[in-house]
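**Student:** First, the structure itself, so that you have it in front of you.
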Amino acid sequence: MLVDSLVIIPTYNEKENIEKIIRTVFALPTPFHVLIIDDGSPDGTADIVKQLQGEYSGKLFIEERKGKLGLGTAYIHGFKWALKHEYEFIFEMDADFSHNPSDLIRLRQACLDGADLSIGSRYVTGVNVVNWPMSRVLMSYFASVYVRFITGIDIHDATAGFKCYKRRVLEKIEMDKIKFVGYAFQIEMKFTAINYGFKVVEVPIIFTDRTEGISKMSTRIFREAFLGVIQMKVNSWFRKY
């Protein structure tokens with residue numbers, strides 16, 4: 001059976017979650033392939049994936065990188081791999097179950113229904129976040145308000161990292177020109193897709209904070225996003241899309 005959908009999951013120290021998330025994706029009624037991009041996890045995450053490859057031969061893949069190179073570069077590595085292997089729908093998803101794997105089907109359906117990029121959105125129908133402290137909810141929510149104000153893009157969840165791209169979007173975006181590696185990477189990819197004229201649709205999801213493992217969020221990542229949005233908007237004035 002030809003499978004046209006690839007789920008890219010970047011990992012760094014996700015041994016508590018990785019086997020469960022892989023098994024959950026493969027148990028879905030819609031078939032997906034999974035690509036793990038592991039940044040040299042010292043906790044043995046990659047070894048767990050490689051053991052599972054025997055069980056999921058031809059469906060589970062891993063690319064190992066040396067050291068923590070950043071979320072954005074992990075996804076770009078995965079995007080290039082996906083294009084080389086001719087997938088039609090390419091997904092971003094976290095390993096920690098903050099994104100519900102069953103929502104992959106809804107994101108894919110949104111692209112089948114006409115979206116070029118579908119976003120699993122926490123804020124398109126209010127605030128749908130579970131287990132976050134109020135300070136982080138407010139920071140995340142108003143980050144998206146700030147992005148809309150600066151860039152003019154009509155996206156309620158600008159920093160969302162749960163997405164489905166149609167192949168043609170990633171073929172069009174010059175990925176070597178994407179500058180940012182943290183939350184700003186997620187904003188820049190949406191901003192670039194919209195400026196190229198692609199149709200972006202937000203699909204409401206419920207985001208649940210991780211229960212196992214350690215969050216990779218930091219103030220540096222938020223700072224990059226805050227300043228990066230202004231830089232990105234200014235640069236866009238001098239760029240042809």
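Following the order of the structure tokens, first chain is A, next is B, and so on, with residues numbered from 1 inside each chain and ligands from 1 in the order they appear.
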Using only C-alpha atoms, what table do you get, as JSON lines, when you list each residue of stretch 121-237 of chain A with an atom no more than 9 Å from stretch 106-116 of chain A, its nearest pair of atoms, and their distance in Å rounded to one decimal, rows by chain then rising number?
**Tutor:**
{"residue": "A:Phe162", "atom": "CA", "partner": "A:Leu107", "partner_atom": "CA", "distance": 8.8}
{"residue": "A:Lys163", "atom": "CA", "partner": "A:Leu107", "partner_atom": "CA", "distance": 7.0}
{"residue": "A:Cys164", "atom": "CA", "partner": "A:Leu107", "partner_atom": "CA", "distance": 6.0}
{"residue": "A:Tyr165", "atom": "CA", "partner": "A:Asp116", "partner_atom": "CA", "distance": 6.2}
{"residue": "A:Lys166", "atom": "CA", "partner": "A:Asp116", "partner_atom": "CA", "distance": 5.3}
{"residue": "A:Arg167", "atom": "CA", "partner": "A:Asp116", "partner_atom": "CA", "distance": 8.5}
{"residue": "A:Arg168", "atom": "CA", "partner": "A:Asp116", "partner_atom": "CA", "distance": 7.9}
{"residue": "A:Val169", "atom": "CA", "partner": "A:Asp116", "partner_atom": "CA", "distance": 6.7}
{"residue": "A:Ala193", "atom": "CA", "partner": "A:Asp116", "partner_atom": "CA", "distance": 8.7}
{"residue": "A:Phe198", "atom": "CA", "partner": "A:Asp116", "partner_atom": "CA", "distance": 5.8}
{"residue": "A:Lys199", "atom": "CA", "partner": "A:Asp116", "partner_atom": "CA", "distance": 5.1}
{"residue": "A:Val200", "atom": "CA", "partner": "A:Ala115", "partner_atom": "CA", "distance": 5.7}
{"residue": "A:Val201", "atom": "CA", "partner": "A:Ala115", "partner_atom": "CA", "distance": 5.9}
{"residue": "A:Glu202", "atom": "CA", "partner": "A:Ala110", "partner_atom": "CA", "distance": 8.7}
{"residue": "A:Val203", "atom": "CA", "partner": "A:Leu107", "partner_atom": "CA", "distance": 6.8}
**Student:** Take the selection from the previous step and output its residues with N, CA, C and O atoms, as a CSV table (one decimal), in the first residue's frame.
**Tutor:**
chain,number,residue,atom,x,y,z
A,162,PHE,N,2.2,22.0,15.4
A,162,PHE,CA,1.5,20.8,15.0
A,162,PHE,C,0.8,21.1,13.7
A,162,PHE,O,-0.2,21.8,13.6
A,163,LYS,N,1.4,20.6,12.6
A,163,LYS,CA,1.0,21.1,11.3
A,163,LYS,C,1.1,20.0,10.2
A,163,LYS,O,1.8,19.0,10.4
A,164,CYS,N,0.3,20.2,9.1
A,164,CYS,CA,0.4,19.4,7.9
A,164,CYS,C,0.7,20.3,6.7
A,164,CYS,O,-0.1,21.2,6.5
A,165,TYR,N,1.7,20.0,6.0
A,165,TYR,CA,2.1,20.7,4.8
A,165,TYR,C,1.8,19.8,3.6
A,165,TYR,O,2.1,18.7,3.6
A,166,LYS,N,1.2,20.4,2.6
A,166,LYS,CA,1.2,19.8,1.3
A,166,LYS,C,2.6,19.9,0.7
A,166,LYS,O,3.3,20.9,0.9
A,167,ARG,N,3.0,18.9,-0.1
A,167,ARG,CA,4.3,18.8,-0.6
A,167,ARG,C,4.7,20.1,-1.3
A,167,ARG,O,5.8,20.6,-1.2
A,168,ARG,N,3.8,20.7,-2.1
A,168,ARG,CA,4.1,21.8,-2.9
A,168,ARG,C,4.5,23.1,-2.1
A,168,ARG,O,5.2,23.9,-2.6
A,169,VAL,N,4.0,23.2,-0.9
A,169,VAL,CA,4.4,24.3,0.0
A,169,VAL,C,5.9,24.2,0.3
A,169,VAL,O,6.7,25.2,0.2
A,193,ALA,N,4.8,30.9,4.0
A,193,ALA,CA,3.7,30.2,3.2
A,193,ALA,C,2.6,31.1,2.8
A,193,ALA,O,2.1,31.1,1.7
A,198,PHE,N,-0.2,30.6,-0.3
A,198,PHE,CA,-0.8,29.3,0.0
A,198,PHE,C,-2.0,29.5,1.0
A,198,PHE,O,-2.0,30.4,1.8
A,199,LYS,N,-2.9,28.6,0.9
A,199,LYS,CA,-4.1,28.7,1.7
A,199,LYS,C,-3.7,28.0,3.1
A,199,LYS,O,-3.4,26.8,3.1
A,200,VAL,N,-3.9,28.7,4.2
A,200,VAL,CA,-3.6,28.2,5.5
A,200,VAL,C,-4.9,28.1,6.3
A,200,VAL,O,-5.6,29.1,6.4
A,201,VAL,N,-5.1,27.0,6.9
A,201,VAL,CA,-6.4,26.7,7.7
A,201,VAL,C,-6.0,26.3,9.1
A,201,VAL,O,-5.1,25.4,9.3
A,202,GLU,N,-6.7,26.8,10.1
A,202,GLU,CA,-6.5,26.4,11.5
A,202,GLU,C,-7.5,25.4,11.8
A,202,GLU,O,-8.7,25.6,11.7
A,203,VAL,N,-7.1,24.3,12.4
A,203,VAL,CA,-8.0,23.2,12.9
A,203,VAL,C,-7.9,23.2,14.4
A,203,VAL,O,-6.8,23.1,15.0
**Student:** Which neighbours of A:Thr208 fall inside 10 Å, counting only C-alpha atoms, when residues of the same chain fewer than 2 positions from it are skipped, and could you give them as an mmCIF file with N, CA, C and O atoms, in the first residue's frame?
**Tutor:**
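Result file follows (out_13.cif):
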data_model
loop_
_atom_site.group_PDB
_atom_site.id
_atom_site.type_symbol
_atom_site.label_atom_id
_atom_site.label_comp_id
_atom_site.auth_asym_id
_atom_site.auth_seq_id
_atom_site.Cartn_x
_atom_site.Cartn_y
_atom_site.Cartn_z
ATOM 1 N N ASP A 96 5.866 14.326 22.820
ATOM 2 C CA ASP A 96 5.488 14.233 24.235
ATOM 3 C C ASP A 96 3.982 14.134 24.497
ATOM 4 O O ASP A 96 3.539 14.290 25.639
ATOM 5 N N PHE A 97 3.185 13.894 23.448
ATOM 6 C CA PHE A 97 1.722 13.782 23.552
ATOM 7 C C PHE A 97 1.028 15.103 23.861
ATOM 8 O O PHE A 97 -0.164 15.123 24.155
ATOM 9 N N SER A 98 1.752 16.221 23.796
ATOM 10 C CA SER A 98 1.050 17.509 23.877
ATOM 11 C C SER A 98 0.166 17.682 22.645
ATOM 12 O O SER A 98 -0.863 18.357 22.699
ATOM 13 N N HIS A 99 0.563 17.066 21.550
ATOM 14 C CA HIS A 99 -0.269 16.969 20.347
ATOM 15 C C HIS A 99 -0.898 15.577 20.327
ATOM 16 O O HIS A 99 -0.195 14.581 20.418
ATOM 17 N N ASN A 100 -2.209 15.524 20.195
ATOM 18 C CA ASN A 100 -2.924 14.247 20.165
ATOM 19 C C ASN A 100 -2.739 13.608 18.787
ATOM 20 O O ASN A 100 -3.188 14.173 17.778
ATOM 21 N N ARG A 122 -4.435 26.043 18.992
ATOM 22 C CA ARG A 122 -4.887 26.103 20.381
ATOM 23 C C ARG A 122 -5.845 27.254 20.625
ATOM 24 O O ARG A 122 -6.558 27.256 21.629
ATOM 25 N N ASN A 128 -7.540 26.546 24.246
ATOM 26 C CA ASN A 128 -7.688 25.104 24.484
ATOM 27 C C ASN A 128 -6.354 24.496 24.888
ATOM 28 O O ASN A 128 -5.702 23.792 24.113
ATOM 29 N N VAL A 129 -5.940 24.800 26.122
ATOM 30 C CA VAL A 129 -4.662 24.334 26.644
ATOM 31 C C VAL A 129 -4.903 23.700 28.008
ATOM 32 O O VAL A 129 -5.606 24.269 28.851
ATOM 33 N N VAL A 130 -4.328 22.516 28.219
ATOM 34 C CA VAL A 130 -4.500 21.780 29.475
ATOM 35 C C VAL A 130 -3.136 21.640 30.154
ATOM 36 O O VAL A 130 -2.130 21.341 29.510
ATOM 37 N N ASN A 131 -3.099 21.861 31.456
ATOM 38 C CA ASN A 131 -1.924 21.615 32.311
ATOM 39 C C ASN A 131 -0.825 22.669 32.207
ATOM 40 O O ASN A 131 0.266 22.465 32.737
ATOM 41 N N TRP A 132 -1.086 23.787 31.541
ATOM 42 C CA TRP A 132 -0.098 24.867 31.536
ATOM 43 C C TRP A 132 -0.400 25.836 32.670
ATOM 44 O O TRP A 132 -1.570 26.140 32.930
ATOM 45 N N ILE A 205 -7.631 22.250 18.085
ATOM 46 C CA ILE A 205 -7.178 21.084 18.844
ATOM 47 C C ILE A 205 -7.169 21.436 20.326
ATOM 48 O O ILE A 205 -7.254 22.611 20.701
ATOM 49 N N ILE A 206 -7.043 20.424 21.154
ATOM 50 C CA ILE A 206 -6.784 20.620 22.580
ATOM 51 C C ILE A 206 -5.332 20.245 22.829
ATOM 52 O O ILE A 206 -4.898 19.129 22.529
ATOM 53 N N ARG A 210 3.062 18.183 28.358
ATOM 54 C CA ARG A 210 3.681 16.883 28.595
ATOM 55 C C ARG A 210 3.519 16.447 30.043
ATOM 56 O O ARG A 210 3.553 17.264 30.976
ATOM 57 N N THR A 211 3.362 15.131 30.225
ATOM 58 C CA THR A 211 3.308 14.560 31.567
ATOM 59 C C THR A 211 4.605 13.835 31.909
ATOM 60 O O THR A 211 4.890 13.584 33.074
#
**Student:** Need to verify the contact set: A:Met93, 12 Å, only C-alpha atoms, exclusion of same-chain residues closer than 5 positions in sequence. Can you return it as a PyMOL selection string?
**Tutor:** chain A and resi 6-11+18+21-22+25+34-37+71+74-75+78+98-104+107+119-120+160-165+186+207
**Student:** Since we have the selection now, will you write its residues out, keeping C-alpha atoms, as a PDB file, in the first residue's frame?
**Tutor:**
ATOM      1  CA  LEU A   6       5.002  11.342   6.807  1.00  0.00           C
ATOM      2  CA  VAL A   7       5.032  12.484  10.447  1.00  0.00           C
ATOM      3  CA  ILE A   8       8.304  14.172  11.442  1.00  0.00           C
ATOM      4  CA  ILE A   9       9.071  14.031  15.162  1.00  0.00           C
ATOM      5  CA  PRO A  10      12.227  15.776  16.451  1.00  0.00           C
ATOM      6  CA  THR A  11      13.604  14.276  19.652  1.00  0.00           C
ATOM      7  CA  ILE A  18       9.046   7.814  22.117  1.00  0.00           C
ATOM      8  CA  ILE A  21       3.998   7.964  20.506  1.00  0.00           C
ATOM      9  CA  ILE A  22       5.283   5.760  17.665  1.00  0.00           C
ATOM     10  CA  VAL A  25       0.619   6.819  15.371  1.00  0.00           C
ATOM     11  CA  VAL A  34       7.159   8.248  10.908  1.00  0.00           C
ATOM     12  CA  LEU A  35      10.560   9.943  10.687  1.00  0.00           C
ATOM     13  CA  ILE A  36      12.413  10.598  13.943  1.00  0.00           C
ATOM     14  CA  ILE A  37      15.083  13.320  13.881  1.00  0.00           C
ATOM     15  CA  LEU A  71      14.107  22.531  16.317  1.00  0.00           C
ATOM     16  CA  ALA A  74      15.612  19.372  12.628  1.00  0.00           C
ATOM     17  CA  TYR A  75      12.386  20.052  10.742  1.00  0.00           C
ATOM     18  CA  GLY A  78      13.091  16.221   7.846  1.00  0.00           C
ATOM     19  CA  SER A  98       1.050  17.509  23.877  1.00  0.00           C
ATOM     20  CA  HIS A  99      -0.269  16.969  20.347  1.00  0.00           C
ATOM     21  CA  ASN A 100      -2.924  14.247  20.165  1.00  0.00           C
ATOM     22  CA  PRO A 101      -1.853  11.829  17.386  1.00  0.00           C
ATOM     23  CA  SER A 102      -5.497  11.216  16.406  1.00  0.00           C
ATOM     24  CA  ASP A 103      -5.615  14.865  15.250  1.00  0.00           C
ATOM     25  CA  LEU A 104      -3.175  13.961  12.464  1.00  0.00           C
ATOM     26  CA  LEU A 107      -5.041  17.934   9.778  1.00  0.00           C
ATOM     27  CA  ILE A 119      -2.376  24.100  11.672  1.00  0.00           C
ATOM     28  CA  GLY A 120      -3.444  22.382  14.883  1.00  0.00           C
ATOM     29  CA  ALA A 160       1.867  26.281  16.775  1.00  0.00           C
ATOM     30  CA  GLY A 161       4.124  23.325  16.018  1.00  0.00           C
ATOM     31  CA  PHE A 162       1.458  20.777  15.008  1.00  0.00           C
ATOM     32  CA  LYS A 163       1.019  21.108  11.250  1.00  0.00           C
ATOM     33  CA  CYS A 164       0.425  19.396   7.931  1.00  0.00           C
ATOM     34  CA  TYR A 165       2.064  20.724   4.776  1.00  0.00           C
ATOM     35  CA  GLN A 186       7.256  28.125  13.380  1.00  0.00           C
ATOM     36  CA  PHE A 207      -3.135  20.999  23.590  1.00  0.00           C
TER      37      PHE A 207
END
**Student:** Which residue, A:Asp209, A:Val147, A:Pro29, A:Ile76, has the smallest gap to A:Glu174 when you use only C-alpha atoms?
**Tutor:** A:Ile76
**Student:** For the strand (DSSP E) assignment from backbone DSSP, which residues of stretch 160-201 of chain A qualify? Please present them as an NGL selection string.
**Tutor:** :A and (163-166 or 200-201)
**Student:** Determine which residues of stretch 98-154 of chain A receive a DSSP assignment of alpha helix (DSSP H), computed from the backbone, and state them as a ChimeraX atom specification.
**Tutor:** /A:103-112,134-151
**Student:** For each of A:Phe91, A:Tyr183, A:Ser121, A:Trp237, take the minimum atom-to-atom distance to A:Gly70, counting only C-alpha atoms, then give the residue where this is smallest.
**Tutor:**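 Among the listed residues, A:Tyr183 lies closest to A:Gly70.
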**Student:** Pick out the closest residue to A:Gly152 from this set: A:Arg223, A:Lys233, A:Lys66, A:Arg23. Count only C-alpha atoms.
**Tutor:**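 Using only C-alpha atoms, the shortest distance to A:Gly152 belongs to A:Lys233.
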**Student:** Quote the spacing between atom CA of A:Ile178 and atom CA of A:Ile194 in Å to one decimal place.
**Tutor:**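 Separation of atom CA of A:Ile178 and atom CA of A:Ile194: 14.3 Å.
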**Student:** In terms of the shortest atom-to-atom distance over only C-alpha atoms, which of A:His85, A:Met134, A:Phe61, A:Ile105 is closest to A:Thr30?
**Tutor:**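 Selected residue with least distance to A:Thr30: A:Ile105.
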**Student:** Under the rule that only C-alpha atoms are counted, which of A:Val234, A:Met175, A:Val137, A:Ile155 is the nearest residue to A:Gly72?
**Tutor:** A:Met175
**Student:** Please list as a ChimeraX atom specification every residue within 12 Å of A:Lys177, counting only C-alpha atoms and excluding residues in the same chain fewer than 5 positions away.
**Tutor:** /A:72-73,76,172,185,188-189,192,232,235-236,239
**Student:** One decimal, in Å: what's the spacing between atom CA of A:Phe32 and atom CA of A:Phe180?
**Tutor:**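 Taking atom CA of A:Phe32 as the start and atom CA of A:Phe180 as the end point, the length is 27.8 Å.
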**Student:** Using Å and a single decimal, report how far atom CA of A:Asp154 sits from atom CA of A:Gly197.
**Tutor:** 12.9 Å
**Student:** Can you work out which one of A:Tyr56, A:Pro204, A:Ala143, A:Asp43 has the shortest atom-to-atom distance to A:Val124, counting only C-alpha atoms?
**Tutor:**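 Checking each candidate against A:Val124, we get A:Pro204 as the closest.
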